[in-house]
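Trainee: For reference, the structure I am asking about is given below.
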Amino acid sequence: MRWKKTLQIVGVHCEGEIGKIITGGVVDIPGKTMLDKMNHINEVDDSLRKLVIFEPRGCLQMSVNILLPPTRPEAHAGFIVMQADKAHPMSGSNAICVVTALLEMGMVPMQEPETTVVLDTPAGLVTARATCIDGRCTGVSLDMVPSFVDRLDVPIETKEFGTIKVDIAFGGVFYALIDVEQVGLDLVPENARRLADVGVALRSLIDERVRVEHPLFPQINNIAYVMFRRRLSDVEYQTCTTLPPGRIDRSPCGTGSSANLATLAARGLVDVGGSLISRSTIGSEFRVELLGRTEVGGRPAVLPRIRGRAWTYGIEQLGVDPDDPLAAGFTLSDTWGEGR
């Protein structure tokens, strides 16, 4: 066997959402900051993302995270989320996967009953507190980056649903949050295909019509996802994040739940010390807490904490044969959507 590249990958899922981690084979990515490194992947060299995400080695329904040396001295490790469309600055479920792997693989020393892990991400530092029992990581709380509302109740004219109202908020990336009743769908597994198609189409439409830019990180300047939501009670929401080119997040989505928390705080529906449950389409859940309030570039913002669980399920070595004609990967419209 003669591989020109060898990667070690740890398989992890967070509440049903796959977030694999590259733990060996990538020395570093060019750039002074994690944001620079993410931009290098998206703008200069996308080959690693395609290698691990595209077929025949990957699949649409997962993320793969690159574990990197941190660029800030406070952090234990840096990571970048790679998904089907591009690399993204932050993901709550993937951060929980990364922390679980760091501790259970012995890359960061585990201390019982709790270990603090600081992650360097393109969206800023994220502090994680992992509950550790008998050598296992049984849960992770993430102090997320400050989340804020960009605008509320934005009217968007659509051909299929007429005028809908959309909240635009940042929770690590920018979200368009839509009450799912406006599109006439229930957040149930049998509607996953339809929810994915509608969400991705609406994301493209909204991103064309609504300009966003993070006040501190101007390169974060697009709406990454549409999250559908349904209020179940005063303290419980069902959430469904849709991801390009056409799938739904299996987890309740940490960054999306943070963005949703910012909209609820802006409407006076939750205050400091309050908490709620975000429940995914498959029934898994995150606990979401409002730790405090702050400002981001002069905008009111909230400090969310997300708690969820992840499980490691395997270790694999992925290699590239120099004679493999499909080393660059490929996509097919039967699973990746038309035009992909």
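By order in the structure tokens, chains are A, B, ...; within a chain, residues start at 1; ligands start at 1, following the order shown.
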Show which residues sit within 9 Å of range 109-118 of chain A, as an MDAnalysis selection string. Count only C-alpha atoms, and ignore same-chain residues fewer than 4 positions away.

Mentor: chainID A and resid 74:78 99 102:104 125:137

Trainee: Got time to write the residues from that selection, N, CA, C and O atoms, as a PDB file, in the first residue's frame?

Mentor:
```
ATOM      1  N   GLU A  74      -4.659  31.150  25.218  1.00  0.00           N
ATOM      2  CA  GLU A  74      -5.644  30.694  26.203  1.00  0.00           C
ATOM      3  C   GLU A  74      -6.263  29.353  25.841  1.00  0.00           C
ATOM      4  O   GLU A  74      -6.872  28.690  26.687  1.00  0.00           O
ATOM      5  N   ALA A  75      -6.147  28.955  24.562  1.00  0.00           N
ATOM      6  CA  ALA A  75      -6.882  27.791  24.066  1.00  0.00           C
ATOM      7  C   ALA A  75      -6.065  26.507  24.155  1.00  0.00           C
ATOM      8  O   ALA A  75      -4.839  26.513  24.040  1.00  0.00           O
ATOM      9  N   HIS A  76      -6.779  25.401  24.357  1.00  0.00           N
ATOM     10  CA  HIS A  76      -6.159  24.075  24.335  1.00  0.00           C
ATOM     11  C   HIS A  76      -5.985  23.564  22.903  1.00  0.00           C
ATOM     12  O   HIS A  76      -5.036  22.832  22.618  1.00  0.00           O
ATOM     13  N   ALA A  77      -6.914  23.898  22.028  1.00  0.00           N
ATOM     14  CA  ALA A  77      -6.878  23.409  20.649  1.00  0.00           C
ATOM     15  C   ALA A  77      -7.717  24.326  19.777  1.00  0.00           C
ATOM     16  O   ALA A  77      -8.609  25.031  20.255  1.00  0.00           O
ATOM     17  N   GLY A  78      -7.413  24.310  18.483  1.00  0.00           N
ATOM     18  CA  GLY A  78      -8.228  25.016  17.511  1.00  0.00           C
ATOM     19  C   GLY A  78      -8.942  24.010  16.625  1.00  0.00           C
ATOM     20  O   GLY A  78      -8.479  22.885  16.445  1.00  0.00           O
ATOM     21  N   VAL A  99     -14.625  18.337  21.818  1.00  0.00           N
ATOM     22  CA  VAL A  99     -14.253  18.251  23.236  1.00  0.00           C
ATOM     23  C   VAL A  99     -14.295  16.803  23.708  1.00  0.00           C
ATOM     24  O   VAL A  99     -13.382  16.332  24.410  1.00  0.00           O
ATOM     25  N   LEU A 102     -11.207  15.041  22.287  1.00  0.00           N
ATOM     26  CA  LEU A 102      -9.976  15.499  22.938  1.00  0.00           C
ATOM     27  C   LEU A 102      -9.775  14.817  24.287  1.00  0.00           C
ATOM     28  O   LEU A 102      -8.661  14.419  24.639  1.00  0.00           O
ATOM     29  N   LEU A 103     -10.854  14.663  25.042  1.00  0.00           N
ATOM     30  CA  LEU A 103     -10.748  14.085  26.376  1.00  0.00           C
ATOM     31  C   LEU A 103     -10.678  12.565  26.347  1.00  0.00           C
ATOM     32  O   LEU A 103      -9.841  11.954  27.012  1.00  0.00           O
ATOM     33  N   GLU A 104     -11.540  11.942  25.564  1.00  0.00           N
ATOM     34  CA  GLU A 104     -11.583  10.478  25.576  1.00  0.00           C
ATOM     35  C   GLU A 104     -10.408   9.857  24.822  1.00  0.00           C
ATOM     36  O   GLU A 104     -10.063   8.693  25.080  1.00  0.00           O
ATOM     37  N   LEU A 125     -13.170  32.576  20.864  1.00  0.00           N
ATOM     38  CA  LEU A 125     -12.914  31.529  21.850  1.00  0.00           C
ATOM     39  C   LEU A 125     -14.222  30.964  22.382  1.00  0.00           C
ATOM     40  O   LEU A 125     -15.174  31.698  22.652  1.00  0.00           O
ATOM     41  N   VAL A 126     -14.244  29.649  22.552  1.00  0.00           N
ATOM     42  CA  VAL A 126     -15.392  28.957  23.129  1.00  0.00           C
ATOM     43  C   VAL A 126     -14.887  28.137  24.315  1.00  0.00           C
ATOM     44  O   VAL A 126     -13.977  27.323  24.168  1.00  0.00           O
ATOM     45  N   THR A 127     -15.458  28.374  25.492  1.00  0.00           N
ATOM     46  CA  THR A 127     -15.079  27.636  26.692  1.00  0.00           C
ATOM     47  C   THR A 127     -16.067  26.495  26.915  1.00  0.00           C
ATOM     48  O   THR A 127     -17.286  26.707  26.951  1.00  0.00           O
ATOM     49  N   ALA A 128     -15.524  25.286  27.050  1.00  0.00           N
ATOM     50  CA  ALA A 128     -16.345  24.097  27.274  1.00  0.00           C
ATOM     51  C   ALA A 128     -16.056  23.538  28.658  1.00  0.00           C
ATOM     52  O   ALA A 128     -14.898  23.514  29.104  1.00  0.00           O
ATOM     53  N   ARG A 129     -17.106  23.074  29.332  1.00  0.00           N
ATOM     54  CA  ARG A 129     -16.972  22.380  30.608  1.00  0.00           C
ATOM     55  C   ARG A 129     -17.576  20.990  30.447  1.00  0.00           C
ATOM     56  O   ARG A 129     -18.786  20.860  30.231  1.00  0.00           O
ATOM     57  N   ALA A 130     -16.708  19.997  30.554  1.00  0.00           N
ATOM     58  CA  ALA A 130     -17.126  18.623  30.302  1.00  0.00           C
ATOM     59  C   ALA A 130     -17.308  17.880  31.618  1.00  0.00           C
ATOM     60  O   ALA A 130     -16.434  17.915  32.493  1.00  0.00           O
ATOM     61  N   THR A 131     -18.441  17.219  31.762  1.00  0.00           N
ATOM     62  CA  THR A 131     -18.668  16.339  32.902  1.00  0.00           C
ATOM     63  C   THR A 131     -17.986  15.006  32.615  1.00  0.00           C
ATOM     64  O   THR A 131     -18.237  14.382  31.569  1.00  0.00           O
ATOM     65  N   CYS A 132     -17.124  14.564  33.522  1.00  0.00           N
ATOM     66  CA  CYS A 132     -16.301  13.380  33.285  1.00  0.00           C
ATOM     67  C   CYS A 132     -16.500  12.385  34.422  1.00  0.00           C
ATOM     68  O   CYS A 132     -16.323  12.725  35.598  1.00  0.00           O
ATOM     69  N   ILE A 133     -16.866  11.157  34.059  1.00  0.00           N
ATOM     70  CA  ILE A 133     -17.120  10.102  35.043  1.00  0.00           C
ATOM     71  C   ILE A 133     -16.500   8.804  34.542  1.00  0.00           C
ATOM     72  O   ILE A 133     -16.793   8.361  33.413  1.00  0.00           O
ATOM     73  N   ASP A 134     -15.640   8.185  35.348  1.00  0.00           N
ATOM     74  CA  ASP A 134     -15.036   6.881  35.024  1.00  0.00           C
ATOM     75  C   ASP A 134     -14.362   6.885  33.656  1.00  0.00           C
ATOM     76  O   ASP A 134     -14.496   5.943  32.876  1.00  0.00           O
ATOM     77  N   GLY A 135     -13.637   7.974  33.346  1.00  0.00           N
ATOM     78  CA  GLY A 135     -12.895   8.047  32.102  1.00  0.00           C
ATOM     79  C   GLY A 135     -13.713   8.388  30.878  1.00  0.00           C
ATOM     80  O   GLY A 135     -13.182   8.377  29.758  1.00  0.00           O
ATOM     81  N   ARG A 136     -14.975   8.706  31.068  1.00  0.00           N
ATOM     82  CA  ARG A 136     -15.842   9.061  29.948  1.00  0.00           C
ATOM     83  C   ARG A 136     -16.317  10.495  30.085  1.00  0.00           C
ATOM     84  O   ARG A 136     -16.483  11.013  31.202  1.00  0.00           O
ATOM     85  N   CYS A 137     -16.553  11.115  28.947  1.00  0.00           N
ATOM     86  CA  CYS A 137     -17.146  12.447  28.881  1.00  0.00           C
ATOM     87  C   CYS A 137     -18.647  12.252  28.706  1.00  0.00           C
ATOM     88  O   CYS A 137     -19.100  11.804  27.651  1.00  0.00           O
TER      89      CYS A 137
END
```

Trainee: Within 9 Å of range 157-165 of chain A, counting only C-alpha atoms, which residues show up once you throw out same-chain ones fewer than 5 positions away? Write them as an MDAnalysis selection string, please.

Mentor: chainID A and resid 152 177:179 182:184 202 205

Trainee: Would you save the residues of that selection, restricted to N, CA, C and O atoms, as a CSV table (one decimal), in the first residue's frame?

Mentor:
```
chain,number,residue,atom,x,y,z
A,152,LEU,N,-35.4,41.8,13.3
A,152,LEU,CA,-36.5,41.0,13.6
A,152,LEU,C,-37.6,41.2,12.6
A,152,LEU,O,-37.8,42.3,12.1
A,177,LEU,N,-34.2,32.7,11.0
A,177,LEU,CA,-35.0,31.9,11.8
A,177,LEU,C,-36.5,32.1,11.4
A,177,LEU,O,-37.0,33.3,11.3
A,178,ILE,N,-37.2,31.0,11.1
A,178,ILE,CA,-38.5,31.1,10.6
A,178,ILE,C,-39.4,30.2,11.4
A,178,ILE,O,-39.2,29.0,11.6
A,179,ASP,N,-40.5,30.7,11.8
A,179,ASP,CA,-41.6,29.9,12.5
A,179,ASP,C,-42.2,29.0,11.4
A,179,ASP,O,-42.7,29.4,10.4
A,182,GLN,N,-45.3,29.0,9.0
A,182,GLN,CA,-45.5,29.9,7.9
A,182,GLN,C,-45.3,29.1,6.6
A,182,GLN,O,-45.7,29.6,5.5
A,183,VAL,N,-44.6,27.9,6.6
A,183,VAL,CA,-44.4,27.1,5.4
A,183,VAL,C,-45.3,25.9,5.4
A,183,VAL,O,-45.1,25.0,4.5
A,184,GLY,N,-46.2,25.8,6.4
A,184,GLY,CA,-47.2,24.7,6.4
A,184,GLY,C,-46.6,23.3,6.6
A,184,GLY,O,-47.2,22.3,6.1
A,202,LEU,N,-35.0,28.8,0.6
A,202,LEU,CA,-35.2,30.1,1.3
A,202,LEU,C,-33.9,30.8,1.7
A,202,LEU,O,-33.8,32.0,1.7
A,205,LEU,N,-32.6,32.7,-1.2
A,205,LEU,CA,-33.5,33.9,-1.4
A,205,LEU,C,-33.2,35.0,-0.4
A,205,LEU,O,-33.0,36.1,-0.7
```

Trainee: Enumerate the residues of range 216-262 of chain A with a DSSP assignment of alpha helix (DSSP H), computed from the backbone, and present them as number ranges by chain.

Mentor: A: 254-262

Trainee: Which is closer to Asp120 in chain A than all the others in A:Ile21, A:Leu269, A:Ile223, A:Met144, using only C-alpha atoms?

Mentor: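 Among the listed residues, the smallest separation from Asp120 in chain A belongs to A:Met144.
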
Trainee: At what distance in Å, to one decimal, does CA of Ser257 in chain A lie from CA of Ala192 in chain A?

Mentor: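 Result for CA of Ala192 in chain A versus CA of Ser257 in chain A: 18.7 Å, one decimal.
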
Trainee: With only C-alpha atoms as the counted atoms, please give the residues lying no more than 9 Å from range 235-248 of chain A, apart from itself and same-chain residues fewer than 6 positions off, as a PDB file with N, CA and C atoms, in the first residue's frame.

Mentor:
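Saved as around.pdb:
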```pdb
ATOM      1  N   LEU A  60     -23.007  13.291   2.484  1.00  0.00           N
ATOM      2  CA  LEU A  60     -23.627  14.592   2.738  1.00  0.00           C
ATOM      3  C   LEU A  60     -23.972  14.783   4.208  1.00  0.00           C
ATOM      4  N   GLN A  61     -24.419  13.715   4.867  1.00  0.00           N
ATOM      5  CA  GLN A  61     -25.003  13.848   6.200  1.00  0.00           C
ATOM      6  C   GLN A  61     -23.952  13.802   7.301  1.00  0.00           C
ATOM      7  N   GLN A  83     -18.035  21.337   6.026  1.00  0.00           N
ATOM      8  CA  GLN A  83     -19.315  20.734   5.665  1.00  0.00           C
ATOM      9  C   GLN A  83     -19.448  20.658   4.151  1.00  0.00           C
ATOM     10  N   ALA A  84     -20.624  20.256   3.702  1.00  0.00           N
ATOM     11  CA  ALA A  84     -20.814  19.958   2.286  1.00  0.00           C
ATOM     12  C   ALA A  84     -20.593  21.162   1.385  1.00  0.00           C
ATOM     13  N   ASP A  85     -20.894  22.373   1.895  1.00  0.00           N
ATOM     14  CA  ASP A  85     -20.780  23.548   1.034  1.00  0.00           C
ATOM     15  C   ASP A  85     -19.442  24.255   1.183  1.00  0.00           C
ATOM     16  N   LEU A 177     -34.161  32.723  10.959  1.00  0.00           N
ATOM     17  CA  LEU A 177     -35.028  31.896  11.795  1.00  0.00           C
ATOM     18  C   LEU A 177     -36.480  32.117  11.384  1.00  0.00           C
ATOM     19  N   LEU A 187     -42.398  19.627  12.032  1.00  0.00           N
ATOM     20  CA  LEU A 187     -41.005  19.219  12.227  1.00  0.00           C
ATOM     21  C   LEU A 187     -40.973  17.760  12.678  1.00  0.00           C
ATOM     22  N   ALA A 192     -38.384  15.434   6.519  1.00  0.00           N
ATOM     23  CA  ALA A 192     -37.000  15.899   6.455  1.00  0.00           C
ATOM     24  C   ALA A 192     -36.592  16.333   5.049  1.00  0.00           C
ATOM     25  N   ARG A 193     -36.953  15.555   4.036  1.00  0.00           N
ATOM     26  CA  ARG A 193     -36.569  15.910   2.666  1.00  0.00           C
ATOM     27  C   ARG A 193     -37.192  17.244   2.251  1.00  0.00           C
ATOM     28  N   LEU A 195     -38.395  19.658   4.240  1.00  0.00           N
ATOM     29  CA  LEU A 195     -37.837  20.731   5.051  1.00  0.00           C
ATOM     30  C   LEU A 195     -36.472  21.158   4.522  1.00  0.00           C
ATOM     31  N   ALA A 196     -35.630  20.179   4.152  1.00  0.00           N
ATOM     32  CA  ALA A 196     -34.300  20.502   3.627  1.00  0.00           C
ATOM     33  C   ALA A 196     -34.402  21.305   2.339  1.00  0.00           C
ATOM     34  N   ASP A 197     -35.265  20.871   1.426  1.00  0.00           N
ATOM     35  CA  ASP A 197     -35.393  21.567   0.135  1.00  0.00           C
ATOM     36  C   ASP A 197     -35.916  22.985   0.324  1.00  0.00           C
ATOM     37  N   VAL A 198     -36.940  23.132   1.154  1.00  0.00           N
ATOM     38  CA  VAL A 198     -37.523  24.458   1.383  1.00  0.00           C
ATOM     39  C   VAL A 198     -36.520  25.367   2.088  1.00  0.00           C
ATOM     40  N   GLY A 199     -35.840  24.834   3.105  1.00  0.00           N
ATOM     41  CA  GLY A 199     -34.899  25.652   3.862  1.00  0.00           C
ATOM     42  C   GLY A 199     -33.737  26.147   3.026  1.00  0.00           C
ATOM     43  N   VAL A 200     -33.182  25.271   2.197  1.00  0.00           N
ATOM     44  CA  VAL A 200     -32.040  25.673   1.366  1.00  0.00           C
ATOM     45  C   VAL A 200     -32.471  26.698   0.318  1.00  0.00           C
ATOM     46  N   ALA A 201     -33.651  26.520  -0.266  1.00  0.00           N
ATOM     47  CA  ALA A 201     -34.144  27.499  -1.241  1.00  0.00           C
ATOM     48  C   ALA A 201     -34.391  28.852  -0.582  1.00  0.00           C
ATOM     49  N   ARG A 203     -32.931  29.988   2.127  1.00  0.00           N
ATOM     50  CA  ARG A 203     -31.634  30.571   2.499  1.00  0.00           C
ATOM     51  C   ARG A 203     -31.048  31.360   1.339  1.00  0.00           C
ATOM     52  N   ALA A 224     -25.745  31.779   6.767  1.00  0.00           N
ATOM     53  CA  ALA A 224     -25.274  30.411   6.553  1.00  0.00           C
ATOM     54  C   ALA A 224     -26.426  29.426   6.435  1.00  0.00           C
ATOM     55  N   TYR A 225     -27.438  29.572   7.300  1.00  0.00           N
ATOM     56  CA  TYR A 225     -28.484  28.553   7.363  1.00  0.00           C
ATOM     57  C   TYR A 225     -29.847  29.173   7.639  1.00  0.00           C
ATOM     58  N   VAL A 226     -30.867  28.436   7.265  1.00  0.00           N
ATOM     59  CA  VAL A 226     -32.230  28.676   7.744  1.00  0.00           C
ATOM     60  C   VAL A 226     -32.515  27.679   8.854  1.00  0.00           C
ATOM     61  N   MET A 227     -33.012  28.188   9.976  1.00  0.00           N
ATOM     62  CA  MET A 227     -33.506  27.320  11.049  1.00  0.00           C
ATOM     63  C   MET A 227     -35.011  27.490  11.159  1.00  0.00           C
ATOM     64  N   PHE A 228     -35.746  26.396  10.991  1.00  0.00           N
ATOM     65  CA  PHE A 228     -37.168  26.386  11.292  1.00  0.00           C
ATOM     66  C   PHE A 228     -37.341  26.118  12.788  1.00  0.00           C
ATOM     67  N   ARG A 229     -38.348  26.727  13.390  1.00  0.00           N
ATOM     68  CA  ARG A 229     -38.584  26.539  14.817  1.00  0.00           C
ATOM     69  C   ARG A 229     -40.083  26.468  15.084  1.00  0.00           C
ATOM     70  N   GLY A 256     -27.495  27.613  16.112  1.00  0.00           N
ATOM     71  CA  GLY A 256     -28.860  28.027  15.807  1.00  0.00           C
ATOM     72  C   GLY A 256     -29.670  28.263  17.064  1.00  0.00           C
ATOM     73  N   SER A 257     -29.491  27.404  18.076  1.00  0.00           N
ATOM     74  CA  SER A 257     -30.189  27.607  19.349  1.00  0.00           C
ATOM     75  C   SER A 257     -29.708  28.882  20.034  1.00  0.00           C
ATOM     76  N   VAL A 270     -37.204  35.692  27.477  1.00  0.00           N
ATOM     77  CA  VAL A 270     -36.272  35.019  28.373  1.00  0.00           C
ATOM     78  C   VAL A 270     -35.318  36.063  28.912  1.00  0.00           C
ATOM     79  N   GLY A 274     -32.412  32.461  32.837  1.00  0.00           N
ATOM     80  CA  GLY A 274     -33.433  31.604  32.264  1.00  0.00           C
ATOM     81  C   GLY A 274     -32.840  30.512  31.395  1.00  0.00           C
ATOM     82  N   SER A 275     -33.604  29.460  31.176  1.00  0.00           N
ATOM     83  CA  SER A 275     -33.143  28.357  30.334  1.00  0.00           C
ATOM     84  C   SER A 275     -34.321  27.777  29.571  1.00  0.00           C
ATOM     85  N   LEU A 276     -33.993  27.057  28.528  1.00  0.00           N
ATOM     86  CA  LEU A 276     -35.017  26.386  27.732  1.00  0.00           C
ATOM     87  C   LEU A 276     -34.412  25.135  27.110  1.00  0.00           C
ATOM     88  N   ILE A 277     -35.259  24.329  26.526  1.00  0.00           N
ATOM     89  CA  ILE A 277     -34.844  23.119  25.836  1.00  0.00           C
ATOM     90  C   ILE A 277     -35.036  23.312  24.338  1.00  0.00           C
ATOM     91  N   SER A 278     -34.001  22.989  23.558  1.00  0.00           N
ATOM     92  CA  SER A 278     -34.127  22.911  22.101  1.00  0.00           C
ATOM     93  C   SER A 278     -34.180  21.434  21.737  1.00  0.00           C
ATOM     94  N   ARG A 279     -35.235  21.036  21.029  1.00  0.00           N
ATOM     95  CA  ARG A 279     -35.432  19.634  20.684  1.00  0.00           C
ATOM     96  C   ARG A 279     -35.351  19.463  19.161  1.00  0.00           C
ATOM     97  N   SER A 280     -34.584  18.482  18.712  1.00  0.00           N
ATOM     98  CA  SER A 280     -34.364  18.301  17.279  1.00  0.00           C
ATOM     99  C   SER A 280     -35.514  17.526  16.631  1.00  0.00           C
ATOM    100  N   THR A 281     -35.436  17.367  15.330  1.00  0.00           N
ATOM    101  CA  THR A 281     -36.454  16.637  14.584  1.00  0.00           C
ATOM    102  C   THR A 281     -36.506  15.171  14.984  1.00  0.00           C
ATOM    103  N   GLY A 283     -35.807  14.172  18.077  1.00  0.00           N
ATOM    104  CA  GLY A 283     -36.135  14.117  19.493  1.00  0.00           C
ATOM    105  C   GLY A 283     -34.980  14.330  20.444  1.00  0.00           C
ATOM    106  N   GLU A 285     -31.964  16.484  22.381  1.00  0.00           N
ATOM    107  CA  GLU A 285     -32.154  17.815  22.942  1.00  0.00           C
ATOM    108  C   GLU A 285     -30.868  18.450  23.457  1.00  0.00           C
ATOM    109  N   THR A 335     -28.297  12.288  -4.052  1.00  0.00           N
ATOM    110  CA  THR A 335     -28.196  12.603  -2.613  1.00  0.00           C
ATOM    111  C   THR A 335     -27.759  14.036  -2.355  1.00  0.00           C
ATOM    112  N   TRP A 336     -27.043  14.650  -3.280  1.00  0.00           N
ATOM    113  CA  TRP A 336     -26.478  15.966  -3.028  1.00  0.00           C
ATOM    114  C   TRP A 336     -27.325  17.104  -3.614  1.00  0.00           C
ATOM    115  N   GLY A 337     -28.368  16.752  -4.364  1.00  0.00           N
ATOM    116  CA  GLY A 337     -29.240  17.779  -4.917  1.00  0.00           C
ATOM    117  C   GLY A 337     -28.840  18.205  -6.316  1.00  0.00           C
ATOM    118  N   GLU A 338     -29.792  18.722  -7.048  1.00  0.00           N
ATOM    119  CA  GLU A 338     -29.541  19.149  -8.423  1.00  0.00           C
ATOM    120  C   GLU A 338     -28.613  20.350  -8.457  1.00  0.00           C
ATOM    121  N   ARG A 340     -25.502  20.437  -7.888  1.00  0.00           N
ATOM    122  CA  ARG A 340     -24.351  20.390  -6.985  1.00  0.00           C
ATOM    123  C   ARG A 340     -23.130  19.973  -7.765  1.00  0.00           C
TER     124      ARG A 340
END
```

Trainee: Name the closest residue to Cys97 in chain A among the candidates A:Thr71, A:Ser63, A:Ser47, A:Ser258; distances are taken between atoms, counting only C-alpha atoms.

Mentor: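 Closest to Cys97 in chain A, using only C-alpha atoms: A:Ser63.
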